[in-house]
>>> print(open('work-v9.cif').read())   # mmCIF, C-alpha atoms
data_target
#
loop_
_atom_site.group_PDB
_atom_site.id
_atom_site.type_symbol
_atom_site.label_atom_id
_atom_site.label_comp_id
_atom_site.auth_asym_id
_atom_site.auth_seq_id
_atom_site.Cartn_x
_atom_site.Cartn_y
_atom_site.Cartn_z
ATOM 1 C CA MET A 1 -19.014 4.355 -5.300
ATOM 2 C CA ALA A 2 -15.345 3.876 -6.121
ATOM 3 C CA SER A 3 -14.449 0.296 -6.975
ATOM 4 C CA ALA A 4 -12.544 -1.914 -4.559
ATOM 5 C CA ASN A 5 -9.587 -1.601 -6.920
ATOM 6 C CA SER A 6 -9.475 2.214 -6.721
ATOM 7 C CA VAL A 7 -7.056 4.465 -4.853
ATOM 8 C CA ALA A 8 -7.111 8.255 -4.546
ATOM 9 C CA VAL A 9 -3.704 9.946 -4.392
ATOM 10 C CA ILE A 10 -3.739 13.543 -3.144
ATOM 11 C CA GLY A 11 -0.539 15.421 -3.932
ATOM 12 C CA LEU A 12 1.450 14.556 -7.044
ATOM 13 C CA GLY A 13 4.992 15.513 -6.208
ATOM 14 C CA ARG A 14 7.844 13.050 -6.767
ATOM 15 C CA PHE A 15 6.562 10.622 -4.159
ATOM 16 C CA GLY A 16 2.899 10.930 -5.151
ATOM 17 C CA GLN A 17 3.669 10.507 -8.849
ATOM 18 C CA SER A 18 5.903 7.504 -8.266
ATOM 19 C CA LEU A 19 3.287 5.853 -6.093
ATOM 20 C CA ALA A 20 0.364 6.651 -8.423
ATOM 21 C CA LEU A 21 2.174 5.344 -11.502
ATOM 22 C CA GLU A 22 3.230 2.169 -9.700
ATOM 23 C CA LEU A 23 -0.375 1.622 -8.633
ATOM 24 C CA MET A 24 -1.428 1.951 -12.260
ATOM 25 C CA ASP A 25 1.227 -0.577 -13.309
ATOM 26 C CA SER A 26 -0.082 -3.032 -10.710
ATOM 27 C CA GLY A 27 -3.623 -2.797 -12.101
ATOM 28 C CA ALA A 28 -5.282 -0.317 -9.750
ATOM 29 C CA GLU A 29 -7.516 2.549 -10.835
ATOM 30 C CA VAL A 30 -6.055 5.842 -9.620
ATOM 31 C CA LEU A 31 -7.597 9.268 -9.041
ATOM 32 C CA GLY A 32 -4.777 11.812 -8.809
ATOM 33 C CA ILE A 33 -5.388 15.280 -7.339
ATOM 34 C CA ASP A 34 -2.986 18.223 -7.319
ATOM 35 C CA SER A 35 -3.340 22.006 -7.281
ATOM 36 C CA ARG A 36 -0.652 22.538 -9.935
ATOM 37 C CA GLU A 37 -2.047 22.493 -13.446
ATOM 38 C CA ASP A 38 1.292 21.760 -15.103
ATOM 39 C CA VAL A 39 1.776 18.672 -12.934
ATOM 40 C CA VAL A 40 -1.726 17.439 -13.704
ATOM 41 C CA GLN A 41 -1.221 17.984 -17.443
ATOM 42 C CA SER A 42 2.001 15.980 -17.347
ATOM 43 C CA LEU A 43 0.088 13.013 -15.923
ATOM 44 C CA ASN A 44 -2.913 13.271 -18.218
ATOM 45 C CA GLY A 45 -3.492 9.860 -19.815
ATOM 46 C CA ARG A 46 -1.108 8.146 -17.421
ATOM 47 C CA LEU A 47 -3.578 7.875 -14.517
ATOM 48 C CA THR A 48 -7.200 6.740 -14.626
ATOM 49 C CA HIS A 49 -8.330 10.254 -13.644
ATOM 50 C CA VAL A 50 -6.193 13.269 -12.775
ATOM 51 C CA VAL A 51 -7.666 16.578 -11.619
ATOM 52 C CA THR A 52 -6.439 20.078 -10.855
ATOM 53 C CA ALA A 53 -8.116 20.996 -7.581
ATOM 54 C CA ASP A 54 -7.585 22.365 -4.077
ATOM 55 C CA ALA A 55 -7.967 19.236 -1.953
ATOM 56 C CA ALA A 56 -7.921 21.324 1.237
ATOM 57 C CA LYS A 57 -11.573 22.221 0.596
ATOM 58 C CA GLU A 58 -14.206 19.754 1.763
ATOM 59 C CA GLU A 59 -16.620 20.580 -1.063
ATOM 60 C CA VAL A 60 -13.896 19.747 -3.605
ATOM 61 C CA LEU A 61 -13.244 16.342 -2.051
ATOM 62 C CA ARG A 62 -16.953 15.599 -2.059
ATOM 63 C CA GLN A 63 -17.356 16.701 -5.676
ATOM 64 C CA LEU A 64 -14.564 14.311 -6.629
ATOM 65 C CA ALA A 65 -16.269 11.492 -4.664
ATOM 66 C CA VAL A 66 -13.200 11.015 -2.448
ATOM 67 C CA PRO A 67 -15.425 9.946 0.517
ATOM 68 C CA ASP A 68 -16.419 6.908 -1.565
ATOM 69 C CA PHE A 69 -12.835 5.608 -1.710
ATOM 70 C CA ASP A 70 -11.738 2.900 0.716
ATOM 71 C CA ARG A 71 -8.059 3.754 0.223
ATOM 72 C CA VAL A 72 -6.571 7.225 0.025
ATOM 73 C CA VAL A 73 -2.950 8.357 0.008
ATOM 74 C CA VAL A 74 -2.128 11.877 1.225
ATOM 75 C CA ALA A 75 1.180 12.555 -0.518
ATOM 76 C CA ILE A 76 1.300 16.313 0.193
ATOM 77 C CA GLY A 77 4.826 17.150 1.290
ATOM 78 C CA THR A 78 5.594 20.851 1.002
ATOM 79 C CA ASP A 79 2.516 22.221 2.791
ATOM 80 C CA VAL A 80 2.239 20.573 6.199
ATOM 81 C CA GLU A 81 -0.857 22.552 7.124
ATOM 82 C CA ALA A 82 -2.669 21.361 3.993
ATOM 83 C CA SER A 83 -1.568 17.787 4.684
ATOM 84 C CA ILE A 84 -3.030 17.889 8.186
ATOM 85 C CA LEU A 85 -6.244 19.591 7.036
ATOM 86 C CA VAL A 86 -6.845 17.101 4.213
ATOM 87 C CA THR A 87 -6.085 14.151 6.465
ATOM 88 C CA SER A 88 -8.456 15.446 9.112
ATOM 89 C CA MET A 89 -11.256 15.681 6.541
ATOM 90 C CA LEU A 90 -10.563 12.151 5.320
ATOM 91 C CA ARG A 91 -10.871 10.921 8.894
ATOM 92 C CA SER A 92 -14.214 12.761 9.201
ATOM 93 C CA PHE A 93 -15.363 10.883 6.078
ATOM 94 C CA GLU A 94 -14.645 7.680 8.045
ATOM 95 C CA ILE A 95 -12.159 6.428 5.462
ATOM 96 C CA THR A 96 -10.317 3.695 7.327
ATOM 97 C CA GLU A 97 -7.379 2.988 5.005
ATOM 98 C CA ILE A 98 -5.362 6.207 4.832
ATOM 99 C CA TRP A 99 -1.686 6.431 3.989
ATOM 100 C CA ALA A 100 -0.177 9.833 4.784
ATOM 101 C CA LYS A 101 3.284 11.155 3.969
ATOM 102 C CA ALA A 102 5.133 12.802 6.843
ATOM 103 C CA VAL A 103 8.037 15.152 6.150
ATOM 104 C CA SER A 104 9.226 15.307 9.765
ATOM 105 C CA ASP A 105 8.804 13.529 13.081
ATOM 106 C CA PRO A 106 6.450 16.260 14.484
ATOM 107 C CA HIS A 107 4.356 16.061 11.302
ATOM 108 C CA GLY A 108 4.178 12.285 11.652
ATOM 109 C CA THR A 109 3.197 12.575 15.321
ATOM 110 C CA ILE A 110 0.273 14.840 14.437
ATOM 111 C CA LEU A 111 -0.884 12.449 11.720
ATOM 112 C CA GLN A 112 -0.751 9.565 14.195
ATOM 113 C CA GLN A 113 -2.724 11.616 16.717
ATOM 114 C CA LEU A 114 -5.363 12.139 14.029
ATOM 115 C CA GLY A 115 -5.706 8.367 13.893
ATOM 116 C CA VAL A 116 -3.996 7.755 10.556
ATOM 117 C CA PRO A 117 -3.250 4.009 10.437
ATOM 118 C CA HIS A 118 -0.361 4.270 7.942
ATOM 119 C CA VAL A 119 2.144 7.119 8.336
ATOM 120 C CA VAL A 120 5.136 6.898 5.995
ATOM 121 C CA TYR A 121 8.407 8.822 5.865
ATOM 122 C CA PRO A 122 9.411 8.239 2.258
ATOM 123 C CA GLU A 123 12.488 9.136 0.320
ATOM 124 C CA LYS A 124 11.903 9.633 -3.389
ATOM 125 C CA ASP A 125 12.530 5.941 -4.099
ATOM 126 C CA MET A 126 9.990 4.676 -1.544
ATOM 127 C CA GLY A 127 6.924 5.155 -3.726
ATOM 128 C CA LYS A 128 7.237 1.734 -5.304
ATOM 129 C CA ARG A 129 7.345 -0.125 -1.990
ATOM 130 C CA VAL A 130 4.400 1.744 -0.490
ATOM 131 C CA ALA A 131 2.396 1.219 -3.687
ATOM 132 C CA HIS A 132 2.559 -2.526 -3.113
ATOM 133 C CA LEU A 133 1.407 -2.095 0.480
ATOM 134 C CA VAL A 134 -1.559 -0.014 -0.697
ATOM 135 C CA ARG A 135 -2.499 -2.215 -3.641
ATOM 136 C CA ASP A 136 -1.730 -5.737 -2.463
ATOM 137 C CA ALA A 137 -2.884 -7.921 0.417
ATOM 138 C CA MET A 138 0.397 -7.953 2.321
ATOM 139 C CA GLN A 139 1.773 -6.517 5.531
ATOM 140 C CA ASP A 140 5.201 -5.530 4.255
ATOM 141 C CA TYR A 141 7.226 -5.573 1.048
ATOM 142 C CA ILE A 142 10.933 -5.269 0.400
ATOM 143 C CA GLU A 143 12.374 -5.436 -3.089
ATOM 144 C CA ILE A 144 15.853 -6.980 -3.132
ATOM 145 C CA GLY A 145 17.677 -6.183 -6.354
ATOM 146 C CA ASP A 146 15.894 -5.619 -9.637
ATOM 147 C CA ASP A 147 13.534 -8.596 -9.640
ATOM 148 C CA PHE A 148 13.414 -10.307 -6.272
ATOM 149 C CA ALA A 149 11.202 -9.485 -3.320
ATOM 150 C CA LEU A 150 10.506 -10.513 0.234
ATOM 151 C CA ILE A 151 6.936 -10.050 1.403
ATOM 152 C CA LYS A 152 5.247 -10.396 4.768
ATOM 153 C CA THR A 153 1.686 -11.677 4.555
ATOM 154 C CA THR A 154 -0.793 -14.269 5.841
ATOM 155 C CA PRO A 155 -1.236 -17.718 4.269
ATOM 156 C CA HIS A 156 -4.125 -18.305 1.876
ATOM 157 C CA GLN A 157 -6.632 -21.043 2.644
ATOM 158 C CA ALA A 158 -5.222 -23.628 0.212
ATOM 159 C CA ILE A 159 -2.000 -24.017 2.209
ATOM 160 C CA VAL A 160 -3.484 -23.854 5.717
ATOM 161 C CA GLY A 161 -3.442 -27.118 7.646
ATOM 162 C CA VAL A 162 -1.176 -28.857 5.133
ATOM 163 C CA ARG A 163 2.514 -29.750 5.469
ATOM 164 C CA LEU A 164 4.492 -27.288 3.351
ATOM 165 C CA GLY A 165 6.292 -30.235 1.781
ATOM 166 C CA GLU A 166 2.973 -31.376 0.332
ATOM 167 C CA THR A 167 1.901 -28.010 -1.104
ATOM 168 C CA ASN A 168 4.298 -27.839 -4.094
ATOM 169 C CA ILE A 169 4.424 -24.046 -3.677
ATOM 170 C CA ARG A 170 7.755 -23.486 -5.402
ATOM 171 C CA ALA A 171 6.785 -25.480 -8.501
ATOM 172 C CA GLU A 172 3.304 -23.948 -8.785
ATOM 173 C CA HIS A 173 3.985 -20.349 -7.745
ATOM 174 C CA GLY A 174 7.740 -19.903 -8.085
ATOM 175 C CA VAL A 175 8.194 -18.694 -4.499
ATOM 176 C CA THR A 176 9.449 -20.048 -1.177
ATOM 177 C CA ILE A 177 7.984 -19.596 2.301
ATOM 178 C CA THR A 178 11.102 -18.892 4.341
ATOM 179 C CA ALA A 179 9.796 -18.148 7.845
ATOM 180 C CA VAL A 180 6.654 -18.212 9.939
ATOM 181 C CA LYS A 181 5.470 -16.353 13.023
ATOM 182 C CA ARG A 182 2.738 -17.658 15.271
ATOM 183 C CA SER A 183 0.840 -15.304 17.588
ATOM 184 C CA GLY A 184 2.818 -14.730 20.765
ATOM 185 C CA GLN A 185 5.852 -16.630 19.435
ATOM 186 C CA PRO A 186 9.087 -15.549 17.731
ATOM 187 C CA TRP A 187 9.856 -15.990 14.044
ATOM 188 C CA THR A 188 11.043 -19.482 13.086
ATOM 189 C CA TYR A 189 12.388 -20.973 9.860
ATOM 190 C CA ALA A 190 9.790 -22.749 7.757
ATOM 191 C CA SER A 191 10.493 -26.357 6.769
ATOM 192 C CA THR A 192 8.791 -29.073 4.757
ATOM 193 C CA GLU A 193 7.199 -30.249 8.011
ATOM 194 C CA THR A 194 5.706 -26.862 8.895
ATOM 195 C CA VAL A 195 1.893 -26.791 9.035
ATOM 196 C CA LEU A 196 0.507 -23.270 8.750
ATOM 197 C CA ARG A 197 -2.476 -21.809 10.569
ATOM 198 C CA GLY A 198 -4.734 -19.130 9.149
ATOM 199 C CA THR A 199 -3.607 -16.689 11.841
ATOM 200 C CA ASP A 200 0.113 -17.149 11.106
ATOM 201 C CA THR A 201 2.303 -14.508 9.485
ATOM 202 C CA ILE A 202 4.725 -15.723 6.824
ATOM 203 C CA LEU A 203 7.708 -14.410 4.876
ATOM 204 C CA VAL A 204 7.648 -15.259 1.181
ATOM 205 C CA ALA A 205 10.650 -14.850 -1.128
ATOM 206 C CA GLY A 206 10.735 -14.981 -4.896
ATOM 207 C CA PRO A 207 10.718 -13.017 -8.160
ATOM 208 C CA THR A 208 8.850 -9.760 -7.539
ATOM 209 C CA ARG A 209 5.734 -10.376 -9.620
ATOM 210 C CA LYS A 210 5.404 -13.969 -8.444
ATOM 211 C CA ALA A 211 5.845 -13.009 -4.786
ATOM 212 C CA VAL A 212 3.264 -10.225 -5.089
ATOM 213 C CA ALA A 213 0.821 -12.534 -6.900
ATOM 214 C CA PHE A 214 1.253 -15.162 -4.189
ATOM 215 C CA GLY A 215 0.629 -12.545 -1.487
ATOM 216 C CA GLN A 216 -2.695 -11.648 -3.122
ATOM 217 C CA LEU A 217 -4.066 -15.201 -2.911
ATOM 218 C CA ARG A 218 -6.836 -15.650 -0.359
#
>>> encode(input="work-v9.cif", output="structure tokens")
Amino acid sequence: MASANSVAVIGLGRFGQSLALELMDSGAEVLGIDSREDVVQSLNGRLTHVVTADAAKEEVLRQLAVPDFDRVVVAIGTDVEASILVTSMLRSFEITEIWAKAVSDPHGTILQQLGVPHVVYPEKDMGKRVAHLVRDAMQDYIEIGDDFALIKTTPHQAIVGVRLGETNIRAEHGVTITAVKRSGQPWTYASTETVLRGTDTILVAGPTRKAVAFGQLR
């Protein structure tokens, strides 16, 4: 079985490479798969495992233990048919966390109809953002400038049921909870008097690594 910290990335074009390398930087183990030998050779030693293979064949995916992964990214962009075929096989493996790259609205519609929970329409600079969504326990991630991020996540248990003014979050974690959303209610500004519930959604702002680390707390 693949570890809980493992992600398979199928398709190592610009987006797939960017995403796979960012996952590695964030501490994940990455299996990269591409049919182009030169691309695979260029990534040798930079990913946990990188393999030259035709991912559009079910026996290949099984040989590489892809069905054992909880999280798989289909980053195939140039061959829409292969993207759809691979995604369909991943769904048949009952992999629940699939991120699939769409190169057009019709392509994205088909992926959604296949039941893919995460369809992305990335430009070449989107790999970093999506990597954080794949790797970290957060609902959204926006990097603002070189080293500042805003993340959307749920509060960890240590700050639930306590006034924010009593949590000392900024001193301990270097981040600020800026807003909170309660189920069925609009977003509101967070204050020192705010008391969070476990079902709330929060916006956290701070230096990128600190914000991401805070979002991973459970």
>>> atom_distance(input="work-v9.cif", atom1="atom CA of Thr109 of chain A", atom2="atom CA of Ser88 of chain A")
13.5 Å
>>> closest_residue(input="work-v9.cif", among="A:Gly27, A:Gly184, A:Pro117, A:Gly45", to="Ser6 of chain A", atoms="all atoms listed in the file")
A:Gly27
>>> resolve_selection(input="work-v9.cif", expression="the PyMOL selection byres ((chain A and resi 210) around 12)", output="list in words")
Asp147, Phe148, Ala149, Leu150, Ile151, Ile169, Arg170, Ala171, Glu172, His173, Gly174, Val175, Thr176, Val204, Ala205, Gly206, Pro207, Thr208, Arg209, Ala211, Val212, Ala213, Phe214, Gly215, Gln216 and Leu217 of chain A
>>> residues_around(input="work-v9.cif", residues="Val66 of chain A", least_positions_apart="4", cutoff="10 Å", atoms="all atoms listed in the file", output="ChimeraX atom specification")
/A:1-2,7-10,31,55,58,60-62,70-72,90,93,95
>>> atom_distance(input="work-v9.cif", atom1="atom CA of Ala102 of chain A", atom2="atom CA of Leu43 of chain A")
23.3 Å
>>> build_atoms(input="work-v9.cif", residues="segment 172-183 of chain A", atoms="all heavy atoms", output="compact mmCIF listing (two decimals), in the coordinates of the input")
# COMPACT_ATOMS: atom_id res chain seq x y z
N GLU A 172 4.54 -24.55 -8.28
CA GLU A 172 3.30 -23.95 -8.78
C GLU A 172 3.36 -22.43 -8.84
O GLU A 172 2.79 -21.80 -9.74
CB GLU A 172 2.12 -24.38 -7.92
CG GLU A 172 1.76 -25.85 -8.06
CD GLU A 172 0.49 -26.20 -7.30
OE1 GLU A 172 -0.18 -25.28 -6.80
OE2 GLU A 172 0.18 -27.40 -7.20
N HIS A 173 4.02 -21.81 -7.85
CA HIS A 173 3.98 -20.35 -7.74
C HIS A 173 5.35 -19.68 -7.90
O HIS A 173 5.43 -18.46 -7.99
CB HIS A 173 3.38 -19.94 -6.40
CG HIS A 173 1.99 -20.46 -6.17
ND1 HIS A 173 0.88 -19.88 -6.76
CD2 HIS A 173 1.53 -21.51 -5.45
CE1 HIS A 173 -0.21 -20.54 -6.38
NE2 HIS A 173 0.17 -21.54 -5.60
N GLY A 174 6.41 -20.47 -7.89
CA GLY A 174 7.74 -19.90 -8.09
C GLY A 174 8.27 -19.13 -6.90
O GLY A 174 9.16 -18.27 -7.06
N VAL A 175 7.76 -19.40 -5.70
CA VAL A 175 8.19 -18.69 -4.50
C VAL A 175 8.49 -19.70 -3.39
O VAL A 175 8.15 -20.88 -3.49
CB VAL A 175 7.13 -17.69 -4.01
CG1 VAL A 175 6.84 -16.65 -5.08
CG2 VAL A 175 5.84 -18.42 -3.60
N THR A 176 9.12 -19.21 -2.32
CA THR A 176 9.45 -20.05 -1.18
C THR A 176 8.99 -19.37 0.11
O THR A 176 9.24 -18.17 0.29
CB THR A 176 10.97 -20.30 -1.09
OG1 THR A 176 11.41 -20.93 -2.29
CG2 THR A 176 11.31 -21.18 0.09
N ILE A 177 8.32 -20.11 0.97
CA ILE A 177 7.98 -19.60 2.30
C ILE A 177 9.21 -19.84 3.18
O ILE A 177 9.60 -20.99 3.41
CB ILE A 177 6.74 -20.28 2.88
CG1 ILE A 177 5.51 -19.93 2.02
CG2 ILE A 177 6.50 -19.85 4.34
CD1 ILE A 177 4.24 -20.62 2.47
N THR A 178 9.83 -18.77 3.63
CA THR A 178 11.10 -18.89 4.34
C THR A 178 10.97 -18.90 5.86
O THR A 178 11.82 -19.47 6.56
CB THR A 178 12.04 -17.74 3.95
OG1 THR A 178 11.44 -16.49 4.33
CG2 THR A 178 12.29 -17.74 2.45
N ALA A 179 9.93 -18.24 6.39
CA ALA A 179 9.80 -18.15 7.84
C ALA A 179 8.33 -17.98 8.22
O ALA A 179 7.50 -17.58 7.39
CB ALA A 179 10.62 -16.98 8.39
N VAL A 180 8.03 -18.31 9.46
CA VAL A 180 6.65 -18.21 9.94
C VAL A 180 6.65 -17.67 11.36
O VAL A 180 7.55 -17.97 12.15
CB VAL A 180 5.95 -19.60 9.86
CG1 VAL A 180 6.71 -20.63 10.68
CG2 VAL A 180 4.51 -19.50 10.34
N LYS A 181 5.64 -16.89 11.67
CA LYS A 181 5.47 -16.35 13.02
C LYS A 181 4.07 -16.66 13.52
O LYS A 181 3.09 -16.30 12.88
CB LYS A 181 5.70 -14.85 13.07
CG LYS A 181 5.73 -14.28 14.49
CD LYS A 181 5.96 -12.78 14.49
CE LYS A 181 6.17 -12.26 15.90
NZ LYS A 181 5.10 -12.66 16.83
N ARG A 182 4.00 -17.33 14.63
CA ARG A 182 2.74 -17.66 15.27
C ARG A 182 2.46 -16.62 16.36
O ARG A 182 3.39 -16.09 16.96
CB ARG A 182 2.83 -19.06 15.86
CG ARG A 182 1.51 -19.73 16.13
CD ARG A 182 1.60 -21.21 15.79
NE ARG A 182 1.54 -21.46 14.37
CZ ARG A 182 1.85 -22.63 13.82
NH1 ARG A 182 2.27 -23.63 14.56
NH2 ARG A 182 1.76 -22.78 12.51
N SER A 183 1.20 -16.31 16.60
CA SER A 183 0.84 -15.30 17.59
C SER A 183 1.49 -15.59 18.94
O SER A 183 1.38 -16.70 19.47
CB SER A 183 -0.68 -15.27 17.75
OG SER A 183 -1.06 -14.32 18.72
